[in-house]
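Below is one structure; the comments refer to it alone.
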Amino acid sequence: MRGVTKRIPTGPKIDPDIFKTYDIRGVVPTQLNPEVARLIGLAFRTEIAGSNVAVGRDMRIHSDEIASALRKGLVGSGCNVIDLGRISTDALYFAVGHLKLDGGIMVTASHNPPEYNGFKMCRRDAEPLSGNDGINRMQELISLGDLDEPVGGGRVEKKDILSDFAEHVLSFIDRARIRPFKVVIDAGNGMAGVTVPRVFEHLPCKLIPMYFDLDGRFPNHLANPIEPENVRDLRERVLAEKADFGVAFDGDADRMFLIDDKGVPVGGDIVTLLVAKSLLSKNPGATVLYNTICSRAVSEGIVAAGGRAVRTPVGHALIKPMMKKENAIFGGEHSGHFYFQKNWYADSGLIAMLVAMEVMSESKKSLSALIGSLDPYVRSGELNSKVTSIAKTLERIVAAFPDRMVDRLDGISIQTEDWWFNVRPSNTEPLLRLNVEAKSAALLEEKTAELLLIIRGRKRAPAAKPKAKAKTKVKEKVEA
């Protein structure tokens, strides 16, 4: 729906580095400012060819100004904007699907430090824009000045969707079955401080809030719970309160991490398995997606529960389309993103938290006991290494394992019966990210050290000699 042939100049030069694989993100004001936001609004309208768009924003100190300029670009291009105010990203996805809008933009930089801001964008039915599907075209439109001249005609309508959103996420469980848990939740001064209370007012639980005040300066810790130092306060509080479990959300509250009753963090991959088993008990034989970094326990557990396990590359912009293609009921990532078919295939940490609570309620087991029964492996966590050549380093790793079939779905993965690893490039830096998992701590330590020597090039490690019983090679396919 272009409708106007006259083009406008782009104004200030825009740093191309803000256009990422999954979103647009940069430092304010050097990379991202109101004029850039206005142009993003114009380009988004052109890309989605629609006229009804939701806009939400997080609590960052410049989000109000950036969102205002974004709305100006959208309205100037003829869009009608539903202004959702300060909400979480998963609430924005809900609004786009529930209100049957043509698209939505969330002004947020998620877990990044306070000087950053950005845009997470989706089309109708919360289908995400990605680098290869929309974002790169938007960059080209802006850089070439191939944008429709603002004609006006759009309008802004404010709408509060939080009550409807709370009812939606609660519809995934039987709230009458939820036990009266004592729960510590760390919002990280982010948007969970808005959404979580609206959900817990319908549950029989004692909520112990941490850092619920909205503050984009992040005075307590960065809202990035995948980093251990950012959940230290929560772990201590769970133990001090003798709570049943703890929950940490990131800045825009779409990612969620659990802390068990012993103060131990639960990986996003194991939460994926916990939720998958619950959903499979109600949908026998259904398909569940999990990414390449997830523990082997995930695929084994899905199959044991009667499900079909399908591996995917890392990243929401890739997983959501695959969910539709595979007709999957659920998908999860190690990074704390959890995707639900009945949520327009979009991710929601709140829904995952509620399903986990229902599982704990029905089992009458502690979270630590539940996890202990699901997870027999030990793992390295993500280990990052700067390299001079990603391609050459990856091939050096492959050469060190000549007797193993290489899975190249996302970076490279090699598996044996007793241990496996994945190493994949960063999307933004000259880094390789290594994850190793094994059946024992000693084997994990040995293989992690061996791989780091190969990756970092300090000396060549000897080629791995797999045990005789580990002859089965990994199939170079997506399905597990």
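Chain labels follow the order of the structure tokens: the first chain is A, the next B, and so on; residue numbering restarts at 1 in every chain, and ligands are counted from 1 in their shown order.
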Report as a PyMOL selection string all protein, DNA and RNA residues lying within 9 Å of segment 221-234 of chain A, evaluated on only C-alpha atoms, omitting residues in the same chain fewer than 2 positions from it.
chain A and resi 110-114+184-190+210+217-219+236-239+246-252+255-257+259+263+265+267-268+335-336
May I have all residues of segment 245-285 of chain A that DSSP, computed from the backbone, assigns to strand (DSSP E), given as number ranges by chain?
A: 245-249, 256-259, 265-266
Selected residue, from A:Gln31, A:Ser348, A:Ser143, A:Thr393, that lies nearest to Val169 of chain A when counting only C-alpha atoms
A:Ser348
Between atom CA of Glu47 of chain A and atom CA of Pro313 of chain A, what is the distance, to one decimal in Å?
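It comes out at 25.2 Å.
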Please provide the set of residues having any atom within 12 Å of Asn132 of chain A, restricted to only C-alpha atoms, with same-chain residues fewer than 5 positions apart removed, written as a compact mmCIF listing (two decimals) with N, CA and C atoms, in the first residue's frame.
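Below you can see selection-v7.txt, which holds the result:
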```txt
# COMPACT_ATOMS: atom_id res chain seq x y z
N PHE A 19 21.13 -2.45 12.39
CA PHE A 19 20.22 -3.44 11.81
C PHE A 19 20.77 -4.84 12.08
N LYS A 20 20.17 -5.52 13.03
CA LYS A 20 20.67 -6.82 13.51
C LYS A 20 19.90 -7.97 12.86
N THR A 21 20.29 -9.18 13.23
CA THR A 21 19.64 -10.37 12.69
C THR A 21 18.20 -10.49 13.14
N TYR A 22 17.91 -10.11 14.39
CA TYR A 22 16.57 -10.31 14.94
C TYR A 22 15.84 -9.02 15.26
N ASP A 23 16.54 -7.89 15.30
CA ASP A 23 15.88 -6.63 15.65
C ASP A 23 16.75 -5.47 15.21
N ARG A 137 15.47 -5.11 4.24
CA ARG A 137 14.75 -4.28 3.27
C ARG A 137 14.46 -2.90 3.84
N MET A 138 14.14 -2.84 5.13
CA MET A 138 13.91 -1.54 5.76
C MET A 138 15.19 -0.70 5.73
N GLN A 139 16.32 -1.33 6.00
CA GLN A 139 17.60 -0.61 5.93
C GLN A 139 17.83 -0.06 4.53
N GLU A 140 17.52 -0.87 3.52
CA GLU A 140 17.73 -0.44 2.14
C GLU A 140 16.80 0.71 1.78
N ALA A 317 13.45 -15.40 15.36
CA ALA A 317 13.01 -15.13 13.99
C ALA A 317 13.10 -16.38 13.13
N LEU A 318 13.88 -17.37 13.54
CA LEU A 318 13.98 -18.64 12.83
C LEU A 318 13.04 -19.68 13.40
```
Residues at most 10 Å from Gly76 of chain A, counting only C-alpha atoms, excluding those fewer than 2 positions away in the same chain, as a PDB file with C-alpha atoms, in the first residue's frame?
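Wrote selection-v4.pdb, looks like this:
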```
ATOM      1  CA  ARG A  38      10.773   8.418  12.650  1.00  0.00           C
ATOM      2  CA  GLY A  41       8.286   4.144  11.319  1.00  0.00           C
ATOM      3  CA  LEU A  42       8.063   5.163   7.668  1.00  0.00           C
ATOM      4  CA  ARG A  45       4.734   0.958   7.148  1.00  0.00           C
ATOM      5  CA  LEU A  70       8.318   6.304  15.947  1.00  0.00           C
ATOM      6  CA  ARG A  71       4.594   7.034  16.239  1.00  0.00           C
ATOM      7  CA  LYS A  72       5.152  10.277  14.314  1.00  0.00           C
ATOM      8  CA  GLY A  73       6.664   8.335  11.421  1.00  0.00           C
ATOM      9  CA  LEU A  74       3.878   5.772  11.444  1.00  0.00           C
ATOM     10  CA  GLY A  78      -1.003   7.013   7.184  1.00  0.00           C
ATOM     11  CA  CYS A  79      -0.925   4.346   9.890  1.00  0.00           C
ATOM     12  CA  ASN A  80      -3.378   4.138  12.750  1.00  0.00           C
ATOM     13  CA  ASP A 148       6.815   7.436   0.829  1.00  0.00           C
ATOM     14  CA  GLU A 149       6.458  11.117   1.597  1.00  0.00           C
ATOM     15  CA  PRO A 150       4.514  11.643   4.844  1.00  0.00           C
ATOM     16  CA  VAL A 151       0.889  12.302   3.964  1.00  0.00           C
ATOM     17  CA  GLY A 152      -0.660  12.166   7.425  1.00  0.00           C
ATOM     18  CA  GLY A 153      -4.123  10.830   7.973  1.00  0.00           C
ATOM     19  CA  GLY A 154      -3.194   8.351  10.667  1.00  0.00           C
ATOM     20  CA  ARG A 155      -4.276   8.626  14.267  1.00  0.00           C
TER      21      ARG A 155
END
```
Point-to-point distance from atom CA of Arg308 of chain A to atom CA of Lys325 of chain A, Å rounded to tenths:
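Computing it gives 13.8 Å between the two atoms.
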Work out how far apart atom CA of Gly104 of chain A and atom CA of Gly50 of chain A are and give it in Å to one decimal.
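Pair atom CA of Gly104 of chain A / atom CA of Gly50 of chain A returns 10.5 Å.
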Considering only C-alpha atoms, can you say which of A:Phe172, A:Phe165, A:Tyr211, A:Phe200 comes closest to Ser88 of chain A?
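For Ser88 of chain A, the nearest of the given residues is A:Phe165.
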Please report as JSON lines every residue of segment 276-385 of chain A lying within 8 Å of segment 407-419 of chain A, along with the nearest atom pair and their distance in Å (one decimal), using only C-alpha atoms.
```
{"residue": "A:Thr292", "atom": "CA", "partner": "A:Asp410", "partner_atom": "CA", "distance": 6.8}
{"residue": "A:Thr312", "atom": "CA", "partner": "A:Leu409", "partner_atom": "CA", "distance": 7.3}
{"residue": "A:Pro313", "atom": "CA", "partner": "A:Asp410", "partner_atom": "CA", "distance": 5.1}
{"residue": "A:Val314", "atom": "CA", "partner": "A:Asp410", "partner_atom": "CA", "distance": 7.2}
```
Keeping only N, CA and C atoms, write the selected residues to a file as an mmCIF file, in the first residue's frame.
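The new file part-v5.cif reads:
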```
data_model
loop_
_atom_site.group_PDB
_atom_site.id
_atom_site.type_symbol
_atom_site.label_atom_id
_atom_site.label_comp_id
_atom_site.auth_asym_id
_atom_site.auth_seq_id
_atom_site.Cartn_x
_atom_site.Cartn_y
_atom_site.Cartn_z
ATOM 1 N N THR A 292 19.779 -25.792 19.029
ATOM 2 C CA THR A 292 20.980 -26.613 18.999
ATOM 3 C C THR A 292 21.801 -26.564 20.274
ATOM 4 N N THR A 312 16.363 -26.904 16.016
ATOM 5 C CA THR A 312 16.323 -25.675 15.232
ATOM 6 C C THR A 312 17.603 -24.877 15.466
ATOM 7 N N PRO A 313 17.919 -23.947 14.579
ATOM 8 C CA PRO A 313 18.963 -22.970 14.893
ATOM 9 C C PRO A 313 18.505 -22.073 16.037
ATOM 10 N N VAL A 314 19.444 -21.310 16.582
ATOM 11 C CA VAL A 314 19.148 -20.365 17.649
ATOM 12 C C VAL A 314 18.459 -19.127 17.061
#
```
Which neighbours of segment 441-453 of chain A fall inside 12 Å, counting only C-alpha atoms, when residues of the same chain fewer than 2 positions from it are skipped, and could you give them as JSON, numbers by chain?
{"A": [376, 377, 378, 379, 380, 381, 382, 383, 384, 385, 386, 387, 393, 394, 396, 397, 398, 399, 400, 401, 414, 415, 416, 417, 418, 419, 420, 421, 422, 423, 432, 433, 434, 435, 436, 437, 438, 439, 455, 456, 457, 458, 459, 460, 461, 462, 463, 464, 465, 466]}
Nearest residue to Glu333 of chain A from the set A:Val275, A:Ala369, A:Ile293, A:Met405 (distances using only C-alpha atoms)
A:Ile293
With only C-alpha atoms as the counted atoms, please give the residues lying no more than 6 Å from Arg25 of chain A, apart from itself and same-chain residues fewer than 5 positions off, as a PyMOL selection string.
chain A and resi 18+117-118
From segment 207-435 of chain A, collect each residue whose DSSP state is alpha helix (DSSP H) and return the set as a PyMOL selection string.
chain A and resi 232-241+268-282+296-304+316-326+349-363+367-374+390-399
Rank A:Met357, A:Leu350, A:Leu370, A:Val96 by their smallest atom-to-atom distance to Glu127 of chain A, using only C-alpha atoms, and report the top residue only.
A:Val96
